[in-house]
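> The file below is data-v4.txt, compact mmCIF, C-alpha atoms:
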# COMPACT_ATOMS: atom_id res chain seq x y z
CA MET J 1 95.16 -15.49 114.78
CA ASN J 2 95.38 -11.84 115.88
CA THR J 3 98.00 -10.92 118.45
CA ILE J 4 98.29 -7.85 120.67
CA SER J 5 101.65 -6.14 120.32
CA SER J 6 103.74 -5.02 123.28
CA GLU J 7 103.35 -1.41 122.07
CA THR J 8 99.61 -1.71 122.73
CA VAL J 9 99.91 -3.51 126.08
CA ILE J 10 102.54 -1.28 127.71
CA PRO J 11 100.76 2.08 127.37
CA PHE J 12 97.53 0.48 128.59
CA THR J 13 99.35 -1.02 131.60
CA VAL J 14 101.02 2.29 132.41
CA LYS J 15 97.69 4.14 132.25
CA LYS J 16 96.02 1.52 134.44
CA ARG J 17 98.80 1.69 137.03
CA SER J 18 98.71 5.46 137.01
CA ARG J 19 94.95 5.50 137.64
CA LEU J 20 95.33 2.94 140.41
CA GLY J 21 98.10 5.04 141.95
CA ILE J 22 95.84 8.11 141.98
CA LEU J 23 92.97 6.16 143.55
CA ILE J 24 95.29 4.71 146.20
CA ASP J 25 96.67 8.15 146.96
CA ILE J 26 93.15 9.58 147.33
CA ARG J 27 92.21 6.73 149.66
CA LYS J 28 95.33 7.27 151.79
CA ASN J 29 95.00 11.08 151.96
CA LYS J 30 91.24 11.61 152.08
CA LEU J 31 91.40 14.63 154.39
CA LEU J 32 93.95 16.41 152.22
CA TYR J 33 91.76 15.98 149.14
CA VAL J 34 88.74 17.17 151.09
CA MET J 35 90.68 20.32 152.00
CA LEU J 36 91.71 20.73 148.36
CA PHE J 37 88.16 20.39 147.03
CA PRO J 38 86.91 23.92 148.01
CA VAL J 39 89.96 25.46 146.30
CA LEU J 40 89.31 23.50 143.10
CA LEU J 41 85.62 24.38 143.30
CA TYR J 42 86.47 28.07 143.64
CA TYR J 43 88.65 28.05 140.52
CA VAL J 44 86.12 26.04 138.50
CA ILE J 45 83.20 28.33 139.42
CA PHE J 46 84.86 31.75 139.42
CA HIS J 47 87.78 31.34 136.98
CA TYR J 48 87.19 28.55 134.47
CA GLY J 49 83.38 28.60 134.41
CA PRO J 50 82.99 32.24 133.33
CA MET J 51 85.57 31.85 130.54
CA TYR J 52 82.81 31.01 128.06
CA GLY J 53 81.60 34.60 128.52
CA ALA J 54 84.67 35.81 126.61
CA ILE J 55 82.72 34.94 123.48
CA ILE J 56 80.87 38.27 123.75
CA ALA J 57 84.10 39.92 122.57
CA PHE J 58 83.15 38.59 119.12
CA LYS J 59 79.48 39.53 119.37
CA ASP J 60 77.30 42.61 119.56
CA PHE J 61 76.15 41.62 123.03
CA SER J 62 72.67 42.52 124.18
CA PRO J 63 71.52 41.53 127.71
CA ARG J 64 68.00 41.03 126.30
CA LEU J 65 69.18 38.47 123.72
CA GLY J 66 71.83 36.84 125.91
CA ILE J 67 75.26 35.57 124.95
CA TRP J 68 74.18 33.01 122.36
CA GLY J 69 71.35 35.10 120.96
CA SER J 70 73.46 38.17 120.21
CA ASP J 71 74.74 38.76 116.69
CA TRP J 72 78.26 37.80 115.65
CA VAL J 73 80.51 40.69 114.61
CA GLY J 74 83.85 38.87 114.45
CA PHE J 75 86.90 41.04 115.14
CA GLU J 76 85.02 44.33 114.82
CA HIS J 77 85.55 45.34 118.48
CA PHE J 78 89.26 44.47 118.33
CA GLN J 79 89.66 46.56 115.19
CA ALA J 80 87.81 49.45 116.82
CA PHE J 81 90.20 49.33 119.78
CA PHE J 82 93.36 49.05 117.66
CA THR J 83 92.34 52.01 115.49
CA GLY J 84 90.80 54.03 118.33
CA PRO J 85 92.26 57.20 119.85
CA TYR J 86 93.08 55.59 123.20
CA PHE J 87 94.93 52.47 122.02
CA TRP J 88 98.50 53.78 122.18
CA ARG J 89 97.85 55.82 125.32
CA THR J 90 96.53 52.86 127.34
CA ILE J 91 99.23 50.51 126.02
CA LYS J 92 101.99 53.00 126.78
CA ASN J 93 100.74 53.74 130.30
CA THR J 94 100.20 50.05 131.11
CA VAL J 95 103.67 49.06 129.89
CA LEU J 96 105.44 51.94 131.64
CA ILE J 97 103.70 51.46 135.00
CA SER J 98 104.28 47.69 134.82
CA PHE J 99 107.93 48.21 133.91
CA TYR J 100 108.49 50.63 136.80
CA GLN J 101 106.79 48.21 139.18
CA LEU J 102 109.05 45.42 137.94
CA LEU J 103 112.15 47.62 138.10
CA PHE J 104 111.58 49.03 141.60
CA GLY J 105 108.89 46.86 143.20
CA PHE J 106 110.31 43.41 142.44
CA PRO J 107 113.84 43.87 143.88
CA ALA J 108 112.63 45.75 146.98
CA PRO J 109 111.44 42.66 148.95
CA ILE J 110 114.62 40.80 147.99
CA VAL J 111 116.82 43.60 149.33
CA LEU J 112 114.76 43.84 152.54
CA ALA J 113 114.90 40.07 153.03
CA LEU J 114 118.70 40.10 152.60
CA LEU J 115 119.01 42.94 155.11
CA LEU J 116 116.74 41.22 157.63
CA ASN J 117 118.71 38.01 157.19
CA GLU J 118 121.82 39.85 158.38
CA VAL J 119 120.09 41.22 161.52
CA LYS J 120 120.94 39.18 164.60
CA HIS J 121 118.81 41.10 167.13
CA ALA J 122 115.57 39.08 167.15
CA LEU J 123 113.35 41.79 168.68
CA PHE J 124 114.47 44.44 166.21
CA LYS J 125 114.03 42.01 163.31
CA ARG J 126 110.45 41.11 164.35
CA THR J 127 109.59 44.78 164.86
CA VAL J 128 110.78 45.71 161.36
CA GLN J 129 108.89 42.77 159.87
CA THR J 130 105.66 43.74 161.65
CA ILE J 131 105.89 47.39 160.61
CA THR J 132 106.58 46.53 156.96
CA TYR J 133 103.81 43.87 156.86
CA MET J 134 101.10 46.21 158.16
CA PRO J 135 100.35 48.26 154.98
CA HIS J 136 99.54 45.06 153.08
CA PHE J 137 96.59 44.37 155.37
CA ILE J 138 95.11 47.86 155.19
CA SER J 139 92.13 48.28 152.85
CA LEU J 140 93.06 49.66 149.44
CA VAL J 141 90.46 52.41 149.84
CA VAL J 142 92.13 53.50 153.09
CA ILE J 143 95.57 53.31 151.46
CA CYS J 144 94.43 55.56 148.61
CA GLY J 145 92.89 57.95 151.13
CA ILE J 146 96.22 58.15 152.97
CA ILE J 147 98.07 58.73 149.69
CA LYS J 148 95.70 61.58 148.76
CA ASP J 149 96.05 63.20 152.19
CA PHE J 150 99.85 62.95 152.05
CA THR J 151 100.17 64.34 148.51
CA VAL J 152 97.82 67.35 148.63
CA SER J 153 99.41 70.81 148.64
CA ASP J 154 99.20 71.08 152.45
CA GLY J 155 100.00 67.44 153.11
CA VAL J 156 102.91 65.89 155.01
CA LEU J 157 104.96 65.20 151.89
CA ASN J 158 104.77 68.83 150.81
CA ASP J 159 105.66 69.98 154.32
CA VAL J 160 108.87 67.96 154.06
CA ILE J 161 109.60 69.37 150.60
CA VAL J 162 109.06 72.95 151.81
CA PHE J 163 111.31 72.28 154.82
CA PHE J 164 114.16 71.46 152.42
CA GLY J 165 113.47 74.53 150.30
CA GLY J 166 111.10 73.14 147.65
CA GLU J 167 107.69 74.31 146.47
CA ARG J 168 104.28 72.86 147.22
CA THR J 169 102.64 70.70 144.55
CA THR J 170 99.39 68.73 144.44
CA PHE J 171 100.99 65.57 143.10
CA LEU J 172 97.86 63.71 142.03
CA LEU J 173 96.72 66.65 139.92
CA GLU J 174 99.97 66.63 137.94
CA PRO J 175 100.16 63.96 135.19
CA SER J 176 103.97 63.89 135.41
CA PHE J 177 103.88 62.73 139.05
CA PHE J 178 101.16 60.07 138.86
CA ARG J 179 103.35 57.10 137.93
CA SER J 180 105.91 57.96 140.61
CA VAL J 181 103.22 58.20 143.29
CA TYR J 182 101.56 54.98 142.12
CA VAL J 183 104.74 52.88 141.97
CA SER J 184 106.38 54.22 145.16
CA SER J 185 103.19 53.74 147.19
CA GLY J 186 102.95 50.19 145.83
CA VAL J 187 106.50 49.44 146.97
CA TRP J 188 105.69 50.78 150.45
CA GLN J 189 102.46 48.77 150.60
CA HIS J 190 103.83 45.38 149.52
CA ILE J 191 107.53 45.32 150.36
CA GLY J 192 107.05 43.65 153.75
CA TRP J 193 104.60 41.03 152.49
CA GLY J 194 106.90 40.17 149.60
CA THR J 195 109.78 39.34 151.95
CA ILE J 196 107.92 36.37 153.46
CA ILE J 197 108.67 33.96 150.62
CA PHE J 198 112.30 35.09 150.35
CA LEU J 199 112.88 34.73 154.10
CA ALA J 200 111.37 31.24 153.88
CA ALA J 201 113.73 30.41 151.01
CA LEU J 202 116.69 31.68 153.03
CA THR J 203 115.97 29.13 155.77
CA GLY J 204 116.45 26.35 153.21
CA ILE J 205 120.04 27.30 152.40
CA ASP J 206 122.53 24.80 153.82
CA GLN J 207 124.37 26.41 156.74
CA GLU J 208 127.45 24.34 155.99
CA GLN J 209 127.99 26.50 152.91
CA TYR J 210 128.34 29.55 155.17
CA GLU J 211 130.79 27.67 157.38
CA ALA J 212 132.84 26.69 154.35
CA ALA J 213 132.80 30.29 153.10
CA LYS J 214 134.02 31.53 156.50
CA ILE J 215 136.86 29.01 156.47
CA ASP J 216 137.85 30.31 153.02
CA GLY J 217 138.02 33.82 154.48
CA ALA J 218 134.77 35.21 153.04
CA GLY J 219 133.24 38.15 154.91
CA ARG J 220 129.55 38.94 155.25
CA TRP J 221 129.37 40.59 151.83
CA LYS J 222 131.10 37.67 150.08
CA GLN J 223 128.87 35.20 151.90
CA MET J 224 125.79 37.07 150.69
CA THR J 225 126.95 37.30 147.06
CA ASN J 226 128.38 33.77 146.81
CA VAL J 227 126.05 31.76 149.06
CA THR J 228 122.85 33.63 149.86
CA LEU J 229 122.02 35.05 146.42
CA PRO J 230 122.74 31.78 144.51
CA GLY J 231 120.56 29.97 147.05
CA LEU J 232 117.74 32.47 146.43
CA MET J 233 118.11 32.49 142.65
CA PRO J 234 115.62 29.67 141.81
CA THR J 235 112.93 31.41 143.90
CA ILE J 236 113.76 34.78 142.35
CA ILE J 237 113.54 33.39 138.81
CA ILE J 238 110.20 31.65 139.38
CA LEU J 239 108.67 34.79 140.90
CA LEU J 240 110.14 36.92 138.12
CA ILE J 241 108.50 34.69 135.49
CA LEU J 242 105.15 35.04 137.27
CA GLU J 243 105.64 38.79 137.56
CA ILE J 244 106.39 39.14 133.85
CA GLY J 245 103.35 37.00 133.10
CA ARG J 246 101.09 39.55 134.73
CA MET J 247 102.87 42.69 133.57
CA MET J 248 99.82 43.98 131.71
CA ASN J 249 97.53 43.41 134.70
CA VAL J 250 97.79 46.81 136.34
CA GLY J 251 94.90 46.68 138.80
CA PHE J 252 92.16 49.15 137.98
CA GLU J 253 91.03 49.54 141.61
CA LYS J 254 93.95 51.66 142.75
CA ILE J 255 94.10 53.52 139.43
CA ILE J 256 90.45 54.63 139.54
CA LEU J 257 90.78 55.61 143.19
CA LEU J 258 93.73 57.89 142.45
CA TYR J 259 93.33 59.22 138.93
CA ASN J 260 91.11 61.97 137.53
CA PRO J 261 90.38 63.26 134.00
CA GLY J 262 93.34 65.62 134.30
CA THR J 263 95.79 62.73 134.72
CA TYR J 264 94.33 60.33 132.12
CA GLU J 265 97.31 61.14 129.91
CA THR J 266 99.71 59.17 132.16
CA ALA J 267 97.32 57.25 134.43
CA ASP J 268 94.78 55.61 132.14
CA VAL J 269 95.70 51.94 131.68
CA ILE J 270 93.97 49.06 129.90
CA SER J 271 92.12 47.84 133.00
CA SER J 272 90.79 51.31 133.91
CA TYR J 273 89.77 51.87 130.27
CA VAL J 274 87.89 48.54 130.29
CA TYR J 275 86.17 49.60 133.53
CA ARG J 276 85.01 52.92 132.06
CA VAL J 277 83.87 51.51 128.75
CA GLY J 278 82.27 48.36 130.15
CA LEU J 279 80.63 49.45 133.39
CA GLN J 280 80.12 53.18 132.88
CA ASP J 281 79.31 53.23 129.15
CA PHE J 282 77.68 49.73 129.16
CA ASN J 283 79.68 48.67 126.09
CA TYR J 284 80.21 45.11 127.30
CA SER J 285 81.40 43.56 124.04
CA PHE J 286 84.03 46.22 123.36
CA SER J 287 85.40 46.08 126.91
CA SER J 288 85.51 42.25 126.74
CA ALA J 289 87.51 42.46 123.52
CA VAL J 290 90.01 44.82 125.15
CA GLY J 291 90.25 42.61 128.24
CA LEU J 292 90.74 39.49 126.10
CA PHE J 293 93.51 41.20 124.14
CA ASN J 294 95.18 42.14 127.44
CA SER J 295 94.97 38.55 128.69
CA MET J 296 96.49 37.21 125.47
CA ILE J 297 99.46 39.58 125.82
CA ASN J 298 99.99 38.35 129.39
CA PHE J 299 99.81 34.74 128.21
CA ILE J 300 102.43 35.36 125.51
CA LEU J 301 104.72 37.14 127.99
CA LEU J 302 104.42 34.22 130.42
CA ILE J 303 105.23 31.61 127.76
CA CYS J 304 108.19 33.60 126.42
CA SER J 305 109.70 34.38 129.83
CA ASN J 306 109.35 30.74 130.92
CA TRP J 307 110.99 29.53 127.67
CA LEU J 308 113.89 31.97 128.01
CA SER J 309 114.43 31.01 131.65
CA ARG J 310 114.41 27.30 130.82
CA LYS J 311 116.83 27.80 127.93
CA PHE J 312 119.41 29.98 129.68
CA ASN J 313 119.02 29.07 133.36
CA ASP J 314 117.43 25.60 133.53
CA THR J 315 114.77 26.96 135.92
CA SER J 316 111.16 27.25 134.81
CA LEU J 317 107.55 26.79 135.84
CA TRP J 318 107.14 23.78 133.54
Would you mind writing the structure in this file as structure tokens?

Amino acid sequence: MNTISSETVIPFTVKKRSRLGILIDIRKNKLLYVMLFPVLLYYVIFHYGPMYGAIIAFKDFSPRLGIWGSDWVGFEHFQAFFTGPYFWRTIKNTVLISFYQLLFGFPAPIVLALLLNEVKHALFKRTVQTITYMPHFISLVVICGIIKDFTVSDGVLNDVIVFFGGERTTFLLEPSFFRSVYVSSGVWQHIGWGTIIFLAALTGIDQEQYEAAKIDGAGRWKQMTNVTLPGLMPTIIILLILEIGRMMNVGFEKIILLYNPGTYETADVISSYVYRVGLQDFNYSFSSAVGLFNSMINFILLICSNWLSRKFNDTSLW
């Protein structure tokens, strides 16, 4: 007579209970799942659905033949990119701009949030928050127009430089200034918006820790370094992991709105190169191969940064 072992029954029971738990949760929170459905639908249609199109990176894609009808070429497009004249230039520019953004752009909202947390005048605090939030909501095209107007030879920035004894320069025509303009304008645009999550995290810090620090004789600086920053650290680490995971994703929109052929040397990044090759030269397969390579680098960076954080700090995304 055959018997069913406990090893077979237990996993089945656990799976059954887990499914029942999910069904019960859906029944109890119908409205929440209804609200979640459009978000899931968006990601399925616009993010996961089109992923099959990445196959054209391994094909000689022809719109007439379609994705499946086009001829396979294997890694030919990847090889062409790796051995091409623009490989090291685009990699170097992407890495440098991403590194500068991480170095200057990531800490800026943290510093501003810490400063705002020390402000006790509510009206002044709200005014600063409103002013710093505003650039985030301005159209990128308008932002780039403002940057161009400010950095031309007769712009406001040059007027300030001349006032202090400097010389006029058209910054966006000089390759050596492009990265500085790009990164500094990005800090100005997003610093206020980035403080929101850090200010929210600050509200979750137990106030009794501040009281205990005061009793021990800690001043404002000691309270910030020994209570506030450790309380913010899990949030900082998680956001840092996400930021490292998208280091190679320098948005092409702002780049193509600001650069010109004279600044390609320091301004041309992977995303702008993909835009030119794919949409302007109609080389869809080659641009897909470059974009897929870029995504794989981001994926590897995300996995490595999460593993390092989990190993040394016990804080990770998963």
> What's the 7 Å shell around segment 89-106 of chain J, counting all atoms listed in the file, without same-chain residues fewer than 2 positions away, as a PyMOL selection string?
chain J and resi 86-87+108-109+179+183+187+247-248+250+266-270
> Write to file, as a PDB file, keeping the file's coordinate frame, the residues of the selection just made, with C-alpha atoms.

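File written: out_32.pdb
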ATOM      1  CA  TYR J  86      93.080  55.590 123.200  1.00  0.00           C
ATOM      2  CA  PHE J  87      94.930  52.470 122.020  1.00  0.00           C
ATOM      3  CA  ALA J 108     112.630  45.750 146.980  1.00  0.00           C
ATOM      4  CA  PRO J 109     111.440  42.660 148.950  1.00  0.00           C
ATOM      5  CA  ARG J 179     103.350  57.100 137.930  1.00  0.00           C
ATOM      6  CA  VAL J 183     104.740  52.880 141.970  1.00  0.00           C
ATOM      7  CA  VAL J 187     106.500  49.440 146.970  1.00  0.00           C
ATOM      8  CA  MET J 247     102.870  42.690 133.570  1.00  0.00           C
ATOM      9  CA  MET J 248      99.820  43.980 131.710  1.00  0.00           C
ATOM     10  CA  VAL J 250      97.790  46.810 136.340  1.00  0.00           C
ATOM     11  CA  THR J 266      99.710  59.170 132.160  1.00  0.00           C
ATOM     12  CA  ALA J 267      97.320  57.250 134.430  1.00  0.00           C
ATOM     13  CA  ASP J 268      94.780  55.610 132.140  1.00  0.00           C
ATOM     14  CA  VAL J 269      95.700  51.940 131.680  1.00  0.00           C
ATOM     15  CA  ILE J 270      93.970  49.060 129.900  1.00  0.00           C
TER      16      ILE J 270
END
> Could you name the residues that touch segment 192-208 of chain J at 7 Å or less, counting all atoms listed in the file, but leaving out those on the same chain fewer than 4 positions away, as a list in words?
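The neighbour list is Pro109, Ile110, Leu112, Ala113, Gln129, Thr132, Tyr133, His136, Ala212, Gly231 and Leu232 of chain J.
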> Those same residues - C-alpha atoms - I'd like them written as a PDB file, keeping the file's coordinate frame.

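For reference, result-v4.pdb as written:
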ATOM      1  CA  PRO J 109     111.440  42.660 148.950  1.00  0.00           C
ATOM      2  CA  ILE J 110     114.620  40.800 147.990  1.00  0.00           C
ATOM      3  CA  LEU J 112     114.760  43.840 152.540  1.00  0.00           C
ATOM      4  CA  ALA J 113     114.900  40.070 153.030  1.00  0.00           C
ATOM      5  CA  GLN J 129     108.890  42.770 159.870  1.00  0.00           C
ATOM      6  CA  THR J 132     106.580  46.530 156.960  1.00  0.00           C
ATOM      7  CA  TYR J 133     103.810  43.870 156.860  1.00  0.00           C
ATOM      8  CA  HIS J 136      99.540  45.060 153.080  1.00  0.00           C
ATOM      9  CA  ALA J 212     132.840  26.690 154.350  1.00  0.00           C
ATOM     10  CA  GLY J 231     120.560  29.970 147.050  1.00  0.00           C
ATOM     11  CA  LEU J 232     117.740  32.470 146.430  1.00  0.00           C
TER      12      LEU J 232
END
> Quick one, how far is atom CA of Ile256 of chain J from atom CA of Val142 of chain J?
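So the answer is 13.7 Å.
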> When you look at Phe137 of chain J with a cut-off of 10 Å (counting all atoms listed in the file), what residues show up, excluding the ones that are within fewer than 3 positions of it in the same chain? I need them as a list in words.
Tyr133, Met134, Leu140, Ile143, Gln189, His190 and Trp193 of chain J
> If you measure from atom CA of Lys254 of chain J to atom CA of Cys144 of chain J, what distance in Å do you get, rounded to one decimal?
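Separating atom CA of Lys254 of chain J from atom CA of Cys144 of chain J is a distance of 7.1 Å.
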> Find the residues with any atom within 9 Å of (99.7, 63.2, 138.4); use all atoms listed in the file and the coordinates as given in the file, and write the answer as a list in words.
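Residues close enough to count: Thr170, Phe171, Leu172, Leu173, Glu174, Pro175, Ser176, Phe177, Phe178, Arg179, Ser180, Val181, Leu258, Tyr259, Asn260, Gly262, Thr263, Tyr264, Thr266 and Ala267 of chain J.
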> Would you mind listing what lies within 8 Å of Thr169 of chain J as a PyMOL selection string, with only C-alpha atoms counted and same-chain residues fewer than 3 positions away left out?
chain J and resi 151-153+158
> Kindly export the residues of the current selection with C-alpha atoms, as a PDB file, in the coordinates of the input.

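The file below, selection_22.pdb, is the result:
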ATOM      1  CA  THR J 151     100.170  64.340 148.510  1.00  0.00           C
ATOM      2  CA  VAL J 152      97.820  67.350 148.630  1.00  0.00           C
ATOM      3  CA  SER J 153      99.410  70.810 148.640  1.00  0.00           C
ATOM      4  CA  ASN J 158     104.770  68.830 150.810  1.00  0.00           C
TER       5      ASN J 158
END
> Which is closest to Arg220 of chain J among J:Phe82, J:Glu118, J:Lys311, J:Ile300, if we use only C-alpha atoms?
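Looking at the shortest contact to Arg220 of chain J, the residue is J:Glu118.
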> Quote the spacing between atom CA of Phe293 of chain J and atom CA of Glu265 of chain J in Å to one decimal place.
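Interatomic distance here is 21.1 Å.
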> So which residues touch Val156 of chain J within 12 Å, counting all atoms listed in the file, skipping near sequence neighbours fewer than 6 positions away, as a PDB file with C-alpha atoms, keeping the file's coordinate frame?

ATOM      1  CA  ILE J 146      96.220  58.150 152.970  1.00  0.00           C
ATOM      2  CA  ILE J 147      98.070  58.730 149.690  1.00  0.00           C
ATOM      3  CA  LYS J 148      95.700  61.580 148.760  1.00  0.00           C
ATOM      4  CA  ASP J 149      96.050  63.200 152.190  1.00  0.00           C
ATOM      5  CA  PHE J 150      99.850  62.950 152.050  1.00  0.00           C
ATOM      6  CA  VAL J 162     109.060  72.950 151.810  1.00  0.00           C
ATOM      7  CA  PHE J 163     111.310  72.280 154.820  1.00  0.00           C
ATOM      8  CA  ARG J 168     104.280  72.860 147.220  1.00  0.00           C
ATOM      9  CA  THR J 169     102.640  70.700 144.550  1.00  0.00           C
ATOM     10  CA  THR J 170      99.390  68.730 144.440  1.00  0.00           C
TER      11      THR J 170
END
> Mind giving me the axis-aligned box for segment 159-173 of chain J with 5 Å on every side, centre plus edges in Å to one decimal, as lines of an AutoDock Vina configuration file?

center_x = 105.4
center_y = 69.1
center_z = 147.4
size_x = 27.4
size_y = 20.8
size_z = 24.9
> Would you please work out which residue, of J:Leu317, J:Val227, J:Leu301, J:Ile241, is nearest to Leu114 of chain J when using only C-alpha atoms?
J:Val227
> Tell me, counting only C-alpha atoms, for each residue of segment 172-287 of chain J within 10 Å of segment 61-70 of chain J, which pair of atoms is nearest and how far apart they are in Å to one decimal, in rows ordered by chain and increasing number, as a Markdown table.

| residue | atom | partner | partner_atom | distance |
| --- | --- | --- | --- | --- |
| J:Asn283 | CA | J:Phe61 | CA | 8.5 |
| J:Tyr284 | CA | J:Phe61 | CA | 6.8 |
| J:Ser285 | CA | J:Phe61 | CA | 5.7 |
| J:Phe286 | CA | J:Phe61 | CA | 9.1 |
